[in-house]
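**Student:** The structure under discussion is supplied below as structure tokens; questions concerning it will follow.
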Protein chains: 2
Amino acid sequence: MLITKTVTGMKDIMPKEEELRQYLLTILRKTYTEFGFMGMETPHIEHLKNLTSDQGWENEKLIFKILKRGEKLKEAFDEKKYENICDEALRFDLTVPLCRYYAEHRNDLPQPFKAMQIGNVFRADKPQKGRFRSFLQCDIDELGDGTNIAEIDILLATSTFLKRIGFDQYGFKFAINDRRILKAAQNYAGFSEEDFEKVCITLDKFDKIGFSGVKEELLQYGYDKVKVEKYLKLIDNNDGSLSSLKKLGDELKEYLEIDVLNSLVEIISTVSELNNVKIDFAPTLVRGMGYYTGPIFEIQSDKLSSSFGGGGRYDKMVGDFIGTNVPATGLSIGFERLITILMENNYEIPSETKKIAFLFNKDVNEEIKKEAFKEALELRQKGHVVYTSPKNKNIKFQKEALSKEGFNEFKEFG
Amino acid sequence: MLITKTVTGMKDIMPKEEELRQYLLTILRKTYTEFGFMGMETPHIEHLKNLTSDQGWENEKLIFKILKRGEKLKEAFDEKKYENICDEALRFDLTVPLCRYYAEHRNDLPQPFKAMQIGNVFRADKPQKGRFRSFLQCDIDELGDGTNIAEIDILLATSTFLKRIGFDQYGFKFAINDRRILKAAQNYAGFSEEDFEKVCITLDKFDKIGFSGVKEELLQYGYDKVKVEKYLKLIDNNDGSLSSLKKLGDELKEYLEIDVLNSLVEIISTVSELNNVKIDFAPTLVRGMGYYTGPIFEIQSDKLSSSFGGGGRYDKMVGDFIGTNVPATGLSIGFERLITILMENNYEIPSETKKIAFLFNKDVNEEIKKEAFKEALELRQKGHVVYTSPKNKNIKFQKEALSKEGFNEFKEFG
């Protein structure tokens, strides 16, 4: 007998959830398209080399590698070169493939290129409740734009999408910071350049362990108490407001280019004003990946302790493919988390069409059947949903199951 | 430097093509939904065992296998059990995963279950022009319906979709046959049960080698000349019409259940009449896969020598998962071929929205920028597409590239 369960950590998607997914994706695609983002796709399978050569990805073990086939595989085995049995793998994000795509096709693309990529990515994480090894990511990115027009675009487009699906009611906001502010603040406090990544890793835990936890951990690492306290005092004076950001900028003026500050202020004020959306300045926001170089952001909701999307500027990744850097920034929506929030809150898809089931008795004759199919076609042309099927022996059970999928009108024939 | 080309046999999809793909998929999803098909998804990764245990798939070598990780991999290598280094693989079609899905979730699904599954499948074929190792399949299937309501549904829905995208202009028709008619005709001519698969494999080449080629090959295999000629004479008298089918049925009446014939006649007459679509009876149609058990069909176009979709009834596959058979039938659209036909014919997506580019000079001030973003938001709320970006040094080149993507209105700021 064959195996009916999915492979470990993967998920079958049931009709009810799929309906919601497609509804959201339609609005997402429409919104991002209106903002000038152009749909594109990369293959699910990528060169292993592209995935493993330090693109900020913490753990090679999480990669699904694909076995070579035929002669190539035989060769690797014959020579006992087991490290050579794979040279392809499933992508773990959409950003690395996007950079490869841009490097390959940039002469055929508008500049800057505003990309929209929606697709599954694969990570062999330890399976946990609600976290899967394959999940949908929805990314927008701007490649070739070094100005803050890119960040404004991305945050306006994403907040427009969230408003259009009625996500306001669950409360959402952006948190924003800039890698260069993180650096300046640490320099101001007396940390050296080499400490940066390590201090950031601790700071990244802020949401979980709080100020005291961060302080404790930094002291444990042996950092000077004066430095640690100076740093924490600086960022503690923050209420997320523009004036907090400006005040911090003022204190950092010897360590930070004024343009960095002004640009961030403009992003926050433009987006919050034009789309009436909350953007908090968050000096403790780190966003794990080491590849970020400028503004970084997250989407947060009252309904979720962790973020359900985020991104930032990564001006150096395309350079790994073509040798010269190309400014780039992007945002990824954690689509599975969005779905989870909406399903848990019994989100209703607005709909004006009827869902009708046409059930045929066994004895139905050809004439009546044809007439029924004709009627069904006419209803469908008007946009209604008509399910046509034989009537089951257990009609009560059949109708109940159909009701669960939204069918509330039944018509029997024969 | 990292690799900018895709892995062998895979394809990057450019914005122009992606726009067409999403346009078609939106209509496809809407149409199939109106016909009562319910969207669902299975993971890209499947149990290797489910894929290799004779599901009609000709060649295990075409499967992308996924390497185990961590301890499990180490174990397999330590014990030199190289056949154990993989137990998962990428799906090569959507039908096997659908049967697994149905077997696992059938108690939570309406009966019959009308499934719509759209997703990528993977086959490590030899790369050829226009054929890729990963491609999108669009399947509808009805599980649990042994009546011809399922076939009528599937053919009505698919022809409705093709008409809605204006595919009439390229000419399309269905070809239909029934595995049981194939069997009856061979029995009538004197072939034995054991000859069936072999004779079918030859008959399947009919489109390429014609009657004389089929005859020659069967004689070469050593089949009796009388049998071969009786068989070919029987199916040669066919013009694809209903009366041809009825005449054939008449001759086969001792070898074929009358219900099989009547049911096929009803499918053809109902679909062709209600949707004004051509359905040819094709007694030479085989459809490779050994798992078909009843009616089989193909979508053909004047613009393409091979079919661009097809399917049939496979009443025994679910049985491999649950031990008891469940009637099932389905159709798969060869989406990549559909795209190829439309692109080659310069298919235009109907659209009523404007595509405008807002280009910002370097010296633009914050005030003007904010006003421009506001204007862009208002245009987008009306459904127009607005691309916002810095103005490039080579403005002519920038505008040309944008024109290619459909932007024909430009507005400069600052």
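Convention: chains lettered A, B, ... in structure tokens order; per-chain residue numbering from 1; ligands numbered from 1 as shown.
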I'd like the contact shell of Val7 (chain B) - 8 Å cut-off, only C-alpha atoms, skipping same-chain residues fewer than 4 positions apart - returned as a list of chain:residue names.
**Tutor:**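 Near neighbours after the sequence-gap exclusion: A:Ile45, A:Glu46, A:His47, A:Glu88.
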**Student:** Can you build me a table of chain A residues sitting at most 6 Å from chain B, with the closest atom pair per residue and its distance in Å to one decimal, using only C-alpha atoms, sorted by chain and residue number, as CSV?
**Tutor:**
residue,atom,partner,partner_atom,distance
A:Met1,CA,B:Phe321,CA,5.5
A:Leu2,CA,B:Phe321,CA,4.9
A:Thr4,CA,B:Arg100,CA,4.9
A:Asp12,CA,B:Thr42,CA,4.8
A:Ile13,CA,B:Glu41,CA,4.9
A:Met14,CA,B:Met40,CA,5.4
A:Pro15,CA,B:Met40,CA,5.1
A:Glu18,CA,B:Met40,CA,5.7
A:Glu34,CA,B:Val385,CA,3.9
A:Phe35,CA,B:Val386,CA,5.4
A:Gly36,CA,B:Tyr387,CA,4.1
A:Met38,CA,B:Pro15,CA,5.6
A:Gly39,CA,B:Pro15,CA,5.3
A:Met40,CA,B:Pro15,CA,5.1
A:Glu41,CA,B:Ile13,CA,4.9
A:Thr42,CA,B:Asp12,CA,4.8
A:Asn50,CA,B:Leu2,CA,5.7
A:Lys65,CA,B:Leu67,CA,5.5
A:Ile66,CA,B:Ile66,CA,4.6
A:Leu67,CA,B:Lys65,CA,5.5
A:Arg100,CA,B:Thr4,CA,4.9
A:Glu104,CA,B:Thr4,CA,5.2
A:Pro110,CA,B:Ala401,CA,4.9
A:Asp320,CA,B:Met1,CA,5.7
A:Phe321,CA,B:Leu2,CA,4.9
A:Arg380,CA,B:Glu34,CA,5.5
A:His384,CA,B:Glu34,CA,5.9
A:Val385,CA,B:Glu34,CA,3.9
A:Val386,CA,B:Gly36,CA,5.3
A:Tyr387,CA,B:Gly36,CA,4.1
A:Ala401,CA,B:Pro110,CA,4.9
A:Leu402,CA,B:Pro110,CA,5.6
**Student:** Find the distance between CA of Ile341 (chain A) and CA of Asp239 (chain A) and write it in Å to one decimal.
**Tutor:**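 Interatomic distance, CA of Ile341 (chain A) to CA of Asp239 (chain A): 26.6 Å.
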**Student:** Could you give me the residues within region 74-301 of chain A that DSSP places in strand (DSSP E or B), as a ChimeraX atom specification?
**Tutor:** /A:86-90,113-122,128,131,134-143,172-178,278-281,295-301
**Student:** To one decimal place, how far is CA of Cys200 (chain A) from CA of Lys225 (chain A) in Å?
**Tutor:**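 Going from CA of Cys200 (chain A) over to CA of Lys225 (chain A) covers 16.8 Å.
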**Student:** Would you please give, as JSON, numbers by chain, all residues of region 93-287 of chain B that DSSP assigns to alpha helix (DSSP H) based on the backbone?
**Tutor:** {"B": [95, 96, 97, 98, 99, 100, 101, 102, 103, 104, 105, 149, 150, 151, 152, 153, 154, 155, 156, 157, 158, 159, 160, 161, 162, 163, 164, 179, 180, 181, 182, 183, 184, 185, 186, 187, 188, 189, 196, 197, 198, 199, 200, 201, 202, 203, 206, 207, 208, 209, 210, 211, 212, 213, 214, 215, 216, 217, 218, 219, 220, 225, 226, 227, 228, 229, 230, 231, 232, 233, 234, 235, 236, 242, 243, 244, 245, 246, 247, 248, 249, 250, 251, 258, 259, 260, 261, 262, 263, 264, 265, 266, 267, 268, 269, 270, 271, 272, 273, 274, 275]}
**Student:** CA of Ser241 (chain B) and CA of Ala184 (chain B), how far apart in Å?
**Tutor:**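 Those two atoms sit 19.1 Å apart.
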**Student:** Which residues are close to Asn345 (chain A), i.e. within 12 Å by only C-alpha atoms, leaving aside same-chain residues fewer than 6 positions away? Reply as a VMD selection string.
**Tutor:** chain A and resid 167 169 to 170 303 to 304 338 to 339
**Student:** Create the file for the chosen residues now, containing C-alpha atoms and written as an mmCIF file, in the first residue's frame.
**Tutor:**
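Written out: out.cif:
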data_model
loop_
_atom_site.group_PDB
_atom_site.id
_atom_site.type_symbol
_atom_site.label_atom_id
_atom_site.label_comp_id
_atom_site.auth_asym_id
_atom_site.auth_seq_id
_atom_site.Cartn_x
_atom_site.Cartn_y
_atom_site.Cartn_z
ATOM 1 C CA PHE A 167 -6.444 43.850 7.700
ATOM 2 C CA GLN A 169 -9.216 45.489 11.934
ATOM 3 C CA TYR A 170 -6.421 43.235 13.230
ATOM 4 C CA LYS A 303 -2.672 39.439 16.682
ATOM 5 C CA LEU A 304 0.792 37.954 16.484
ATOM 6 C CA LEU A 338 -1.161 36.053 7.265
ATOM 7 C CA ILE A 339 -3.384 33.068 6.422
#
